[in-house]
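**Student:** Got a structure for you, questions after.
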Amino acid sequence: MKKLSIITTFIAILFCCMGTTMAQNDNSNPGITKFVGQYFPKANVLMVNTEWDEYEVTLSDGTQIEFTRSPEWKRIDCEHSTIYTNVPAELIPEPIANYVKTNFADQSIKKIEKKRRGWDIELNSELEIKFNKNFVVTKIDD
């Protein structure tokens with residue numbers, strides 16, 4: 001009987017947690033909704049996890065986006081997307097886009113992240129490139 005009570009309690013807690021996640025989807029930040037509609041119009045916000053200083057958003061196609069509280073995007077990951085296999089060109093800073101076009105013409109950017117000291121990108125070949133704030137390449141990892 002005690003085991004049944006523990007299992008029932010666990011299931012109740014699980015459903016409560018799921019309900020909280022679903023409620024977050026309904027109360028998505030209007031800025032996030034606008035951003036997704038503008039740059040990822042074929043996908044919908046599937047889930048929003050709220051951290052104290054950011055939003056972690058998963059779209060219906062598998063794209064993952066991190067936003068600051070403002071909300072301004074911090075990271076875009078299209079690696080598991082079924083629709084958007086590349087980061088939308090409008091979101092890539094021109095110096096980074098030019099560098100990739102010049103040096104890796106047959107590649108595209110599937111991940112991009114803004115960092116305090118620069119930018120990180122990952123190409124569809126799994127090549128990772130780091131740029132400083134002035135868009136100078138500081139590291140290339142394959």
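Chain labels A, B, ... are given in the sequence in which chains occur in the structure tokens; within each chain residues are numbered consecutively from 1, and ligands are likewise numbered from 1 in the order shown.
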For segment 114-139 of chain A versus segment 81-86 of chain A, which residues have an atom no more than 12 Å away, and what is each residue's nearest atom pair and distance in Å rounded to one decimal, using only C-alpha atoms, chain-then-number order, as CSV?

**Tutor:**
residue,atom,partner,partner_atom,distance
A:Ile121,CA,A:Asn86,CA,11.2
A:Glu122,CA,A:Asn86,CA,10.1
A:Leu123,CA,A:Asn86,CA,8.7
A:Asn124,CA,A:Asn86,CA,8.0
A:Ser125,CA,A:Asn86,CA,11.8

**Student:** Take the residues from that selection and put them in a file with C-alpha atoms, as a short mmCIF file (atom, residue, chain, number, x, y, z; two decimals), in the first residue's frame.

**Tutor:**
data_model
loop_
_atom_site.label_atom_id
_atom_site.label_comp_id
_atom_site.auth_asym_id
_atom_site.auth_seq_id
_atom_site.Cartn_x
_atom_site.Cartn_y
_atom_site.Cartn_z
CA ILE A 121 29.07 29.53 -35.01
CA GLU A 122 28.81 25.96 -36.19
CA LEU A 123 28.61 25.07 -39.85
CA ASN A 124 26.64 22.16 -41.27
CA SER A 125 29.98 20.31 -41.63
#

**Student:** Go through A:Ile76, A:Ile65, A:Leu127, A:Val136 and flag the residue nearest Ile96 of chain A, using only C-alpha atoms for the distances.

**Tutor:**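 Closest to Ile96 of chain A of all the choices is A:Val136.
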
**Student:** Show which residues sit within 9 Å of Thr58 of chain A, as number ranges by chain. Count only C-alpha atoms, and ignore same-chain residues fewer than 3 positions away.

**Tutor:** A: 44-49, 61-66

**Student:** Can those selected residues be exported to a file as an mmCIF file, in the first residue's frame so that it contains N, CA and C atoms?

**Tutor:**
data_model
loop_
_atom_site.group_PDB
_atom_site.id
_atom_site.type_symbol
_atom_site.label_atom_id
_atom_site.label_comp_id
_atom_site.auth_asym_id
_atom_site.auth_seq_id
_atom_site.Cartn_x
_atom_site.Cartn_y
_atom_site.Cartn_z
ATOM 1 N N ASN A 44 5.953 26.813 -34.865
ATOM 2 C CA ASN A 44 5.248 27.415 -33.724
ATOM 3 C C ASN A 44 6.068 27.203 -32.464
ATOM 4 N N VAL A 45 5.818 28.038 -31.467
ATOM 5 C CA VAL A 45 6.455 27.849 -30.164
ATOM 6 C C VAL A 45 5.835 26.610 -29.532
ATOM 7 N N LEU A 46 6.662 25.623 -29.277
ATOM 8 C CA LEU A 46 6.205 24.376 -28.677
ATOM 9 C C LEU A 46 6.341 24.434 -27.160
ATOM 10 N N MET A 47 7.474 24.976 -26.692
ATOM 11 C CA MET A 47 7.715 24.995 -25.255
ATOM 12 C C MET A 47 8.617 26.179 -24.909
ATOM 13 N N VAL A 48 8.342 26.805 -23.767
ATOM 14 C CA VAL A 48 9.177 27.884 -23.255
ATOM 15 C C VAL A 48 9.559 27.529 -21.825
ATOM 16 N N ASN A 49 10.855 27.369 -21.596
ATOM 17 C CA ASN A 49 11.362 27.173 -20.241
ATOM 18 C C ASN A 49 11.932 28.501 -19.783
ATOM 19 N N ASP A 61 9.413 22.571 -34.967
ATOM 20 C CA ASP A 61 10.266 21.879 -35.933
ATOM 21 C C ASP A 61 11.577 21.390 -35.323
ATOM 22 N N GLY A 62 11.810 21.662 -34.042
ATOM 23 C CA GLY A 62 13.026 21.228 -33.368
ATOM 24 C C GLY A 62 14.057 22.323 -33.176
ATOM 25 N N THR A 63 13.848 23.483 -33.763
ATOM 26 C CA THR A 63 14.764 24.610 -33.570
ATOM 27 C C THR A 63 14.737 25.021 -32.105
ATOM 28 N N GLN A 64 15.903 25.361 -31.565
ATOM 29 C CA GLN A 64 16.000 25.836 -30.193
ATOM 30 C C GLN A 64 16.604 27.237 -30.195
ATOM 31 N N ILE A 65 15.998 28.118 -29.409
ATOM 32 C CA ILE A 65 16.450 29.504 -29.334
ATOM 33 C C ILE A 65 16.505 29.918 -27.872
ATOM 34 N N GLU A 66 17.585 30.576 -27.484
ATOM 35 C CA GLU A 66 17.689 31.161 -26.147
ATOM 36 C C GLU A 66 17.543 32.663 -26.289
#

**Student:** For Glu54 of chain A, work out the shell of residues within 6 Å, counting only C-alpha atoms and skipping chain neighbours fewer than 6 positions away, then give it as a compact mmCIF listing (two decimals) with N, CA, C and O atoms, in the first residue's frame.

**Tutor:**
# COMPACT_ATOMS: atom_id res chain seq x y z
N PHE A 67 16.76 33.23 -25.39
CA PHE A 67 16.54 34.67 -25.36
C PHE A 67 16.93 35.22 -23.99
O PHE A 67 16.78 34.55 -22.98
N THR A 68 17.37 36.47 -23.98
CA THR A 68 17.55 37.18 -22.71
C THR A 68 16.16 37.59 -22.23
O THR A 68 15.17 37.41 -22.94
N ARG A 69 16.08 38.21 -21.10
CA ARG A 69 14.80 38.67 -20.56
C ARG A 69 14.21 39.82 -21.37
O ARG A 69 13.03 40.10 -21.29

**Student:** Could you tell me how far atom CA of Thr33 of chain A sits from atom CA of Asn98 of chain A, in Å to one decimal place?

**Tutor:**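 A separation of 29.1 Å between them.
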
**Student:** Would you mind telling me which residue in A:Asp120, A:Trp52, A:Ser60, A:Asn29 lies nearest to Asp141 of chain A when using only C-alpha atoms?

**Tutor:** A:Asp120

**Student:** Show which residues sit within 9 Å of Ile32 of chain A, as a compact mmCIF listing (two decimals) with all heavy atoms, in the first residue's frame. Count only C-alpha atoms, and ignore same-chain residues fewer than 2 positions away.

**Tutor:**
# COMPACT_ATOMS: atom_id res chain seq x y z
N SER A 28 3.61 32.91 -23.46
CA SER A 28 4.89 33.24 -24.08
C SER A 28 5.05 34.76 -24.21
O SER A 28 4.10 35.47 -24.45
CB SER A 28 4.98 32.58 -25.46
OG SER A 28 6.22 32.85 -26.04
N ASN A 29 6.25 35.21 -24.06
CA ASN A 29 6.57 36.62 -24.17
C ASN A 29 6.19 37.11 -25.58
O ASN A 29 6.56 36.48 -26.57
CB ASN A 29 8.07 36.78 -23.92
CG ASN A 29 8.51 38.20 -23.93
OD1 ASN A 29 8.35 38.90 -24.92
ND2 ASN A 29 9.10 38.63 -22.83
N PRO A 30 5.47 38.23 -25.70
CA PRO A 30 5.07 38.73 -27.03
C PRO A 30 6.26 38.97 -27.96
O PRO A 30 6.15 38.81 -29.16
CB PRO A 30 4.34 40.03 -26.73
CG PRO A 30 3.98 39.98 -25.30
CD PRO A 30 4.97 39.06 -24.63
N LYS A 34 6.67 37.33 -31.65
CA LYS A 34 6.90 38.15 -32.83
C LYS A 34 8.16 37.70 -33.56
O LYS A 34 8.18 37.59 -34.80
CB LYS A 34 7.03 39.63 -32.42
CG LYS A 34 7.26 40.56 -33.58
CD LYS A 34 7.35 42.00 -33.12
CE LYS A 34 7.64 42.91 -34.30
NZ LYS A 34 7.82 44.28 -33.90
N PHE A 35 9.23 37.43 -32.82
CA PHE A 35 10.49 36.97 -33.39
C PHE A 35 10.29 35.67 -34.16
O PHE A 35 10.72 35.53 -35.31
CB PHE A 35 11.53 36.78 -32.29
CG PHE A 35 12.87 36.30 -32.77
CD1 PHE A 35 13.85 37.21 -33.14
CD2 PHE A 35 13.17 34.94 -32.84
CE1 PHE A 35 15.10 36.77 -33.58
CE2 PHE A 35 14.40 34.50 -33.27
CZ PHE A 35 15.36 35.42 -33.64
N VAL A 36 9.63 34.71 -33.54
CA VAL A 36 9.39 33.41 -34.18
C VAL A 36 8.54 33.60 -35.44
O VAL A 36 8.84 33.03 -36.49
CB VAL A 36 8.74 32.42 -33.21
CG1 VAL A 36 8.28 31.15 -33.93
CG2 VAL A 36 9.71 32.06 -32.08
N GLY A 37 7.49 34.41 -35.35
CA GLY A 37 6.64 34.66 -36.51
C GLY A 37 7.39 35.31 -37.66
O GLY A 37 7.12 35.03 -38.83
N VAL A 45 5.82 28.04 -31.47
CA VAL A 45 6.46 27.85 -30.16
C VAL A 45 5.84 26.61 -29.53
O VAL A 45 4.63 26.54 -29.32
CB VAL A 45 6.26 29.08 -29.26
CG1 VAL A 45 6.80 28.80 -27.86
CG2 VAL A 45 6.94 30.30 -29.87
N TYR A 55 15.02 32.91 -21.48
CA TYR A 55 13.99 32.00 -21.94
C TYR A 55 14.65 30.98 -22.86
O TYR A 55 15.43 31.35 -23.74
CB TYR A 55 12.92 32.73 -22.77
CG TYR A 55 12.16 33.79 -22.04
CD1 TYR A 55 12.51 35.13 -22.18
CD2 TYR A 55 11.07 33.47 -21.24
CE1 TYR A 55 11.79 36.13 -21.54
CE2 TYR A 55 10.35 34.46 -20.59
CZ TYR A 55 10.72 35.78 -20.74
OH TYR A 55 10.01 36.76 -20.11
N VAL A 57 13.56 28.42 -25.66
CA VAL A 57 12.39 28.18 -26.49
C VAL A 57 12.67 27.02 -27.44
O VAL A 57 13.72 26.98 -28.09
CB VAL A 57 12.03 29.45 -27.29
CG1 VAL A 57 10.85 29.20 -28.21
CG2 VAL A 57 11.76 30.61 -26.35
N PHE A 67 16.76 33.23 -25.39
CA PHE A 67 16.54 34.67 -25.36
C PHE A 67 16.93 35.22 -23.99
O PHE A 67 16.78 34.55 -22.98
CB PHE A 67 15.05 35.01 -25.57
CG PHE A 67 14.53 34.72 -26.94
CD1 PHE A 67 13.97 33.49 -27.24
CD2 PHE A 67 14.59 35.69 -27.94
CE1 PHE A 67 13.47 33.22 -28.50
CE2 PHE A 67 14.10 35.42 -29.21
CZ PHE A 67 13.53 34.18 -29.49
N PRO A 71 13.15 40.57 -24.69
CA PRO A 71 13.95 39.41 -25.07
C PRO A 71 14.77 39.69 -26.32
O PRO A 71 14.27 40.17 -27.32
CB PRO A 71 12.90 38.35 -25.35
CG PRO A 71 11.76 39.10 -25.92
CD PRO A 71 11.79 40.45 -25.23
N GLU A 72 16.03 39.39 -26.25
CA GLU A 72 16.93 39.46 -27.39
C GLU A 72 17.55 38.08 -27.53
O GLU A 72 17.92 37.45 -26.54
CB GLU A 72 18.02 40.50 -27.12
CG GLU A 72 18.99 40.67 -28.25
CD GLU A 72 20.06 41.71 -27.94
OE1 GLU A 72 19.75 42.70 -27.24
OE2 GLU A 72 21.20 41.52 -28.38
N TRP A 73 17.64 37.58 -28.76
CA TRP A 73 18.16 36.22 -28.90
C TRP A 73 19.63 36.16 -28.53
O TRP A 73 20.39 37.09 -28.79
CB TRP A 73 17.91 35.67 -30.31
CG TRP A 73 18.71 36.28 -31.43
CD1 TRP A 73 18.36 37.34 -32.20
CD2 TRP A 73 19.99 35.85 -31.90
NE1 TRP A 73 19.34 37.60 -33.12
CE2 TRP A 73 20.36 36.69 -32.96
CE3 TRP A 73 20.86 34.84 -31.53
CZ2 TRP A 73 21.55 36.55 -33.65
CZ3 TRP A 73 22.06 34.70 -32.21
CH2 TRP A 73 22.39 35.55 -33.26

**Student:** Looking at only C-alpha atoms, which of A:Pro88, A:Asn132, A:Ala97, A:Glu79 is the one that sits closest to Phe40 of chain A?

**Tutor:**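 Closest residue, counting only C-alpha atoms: A:Pro88.
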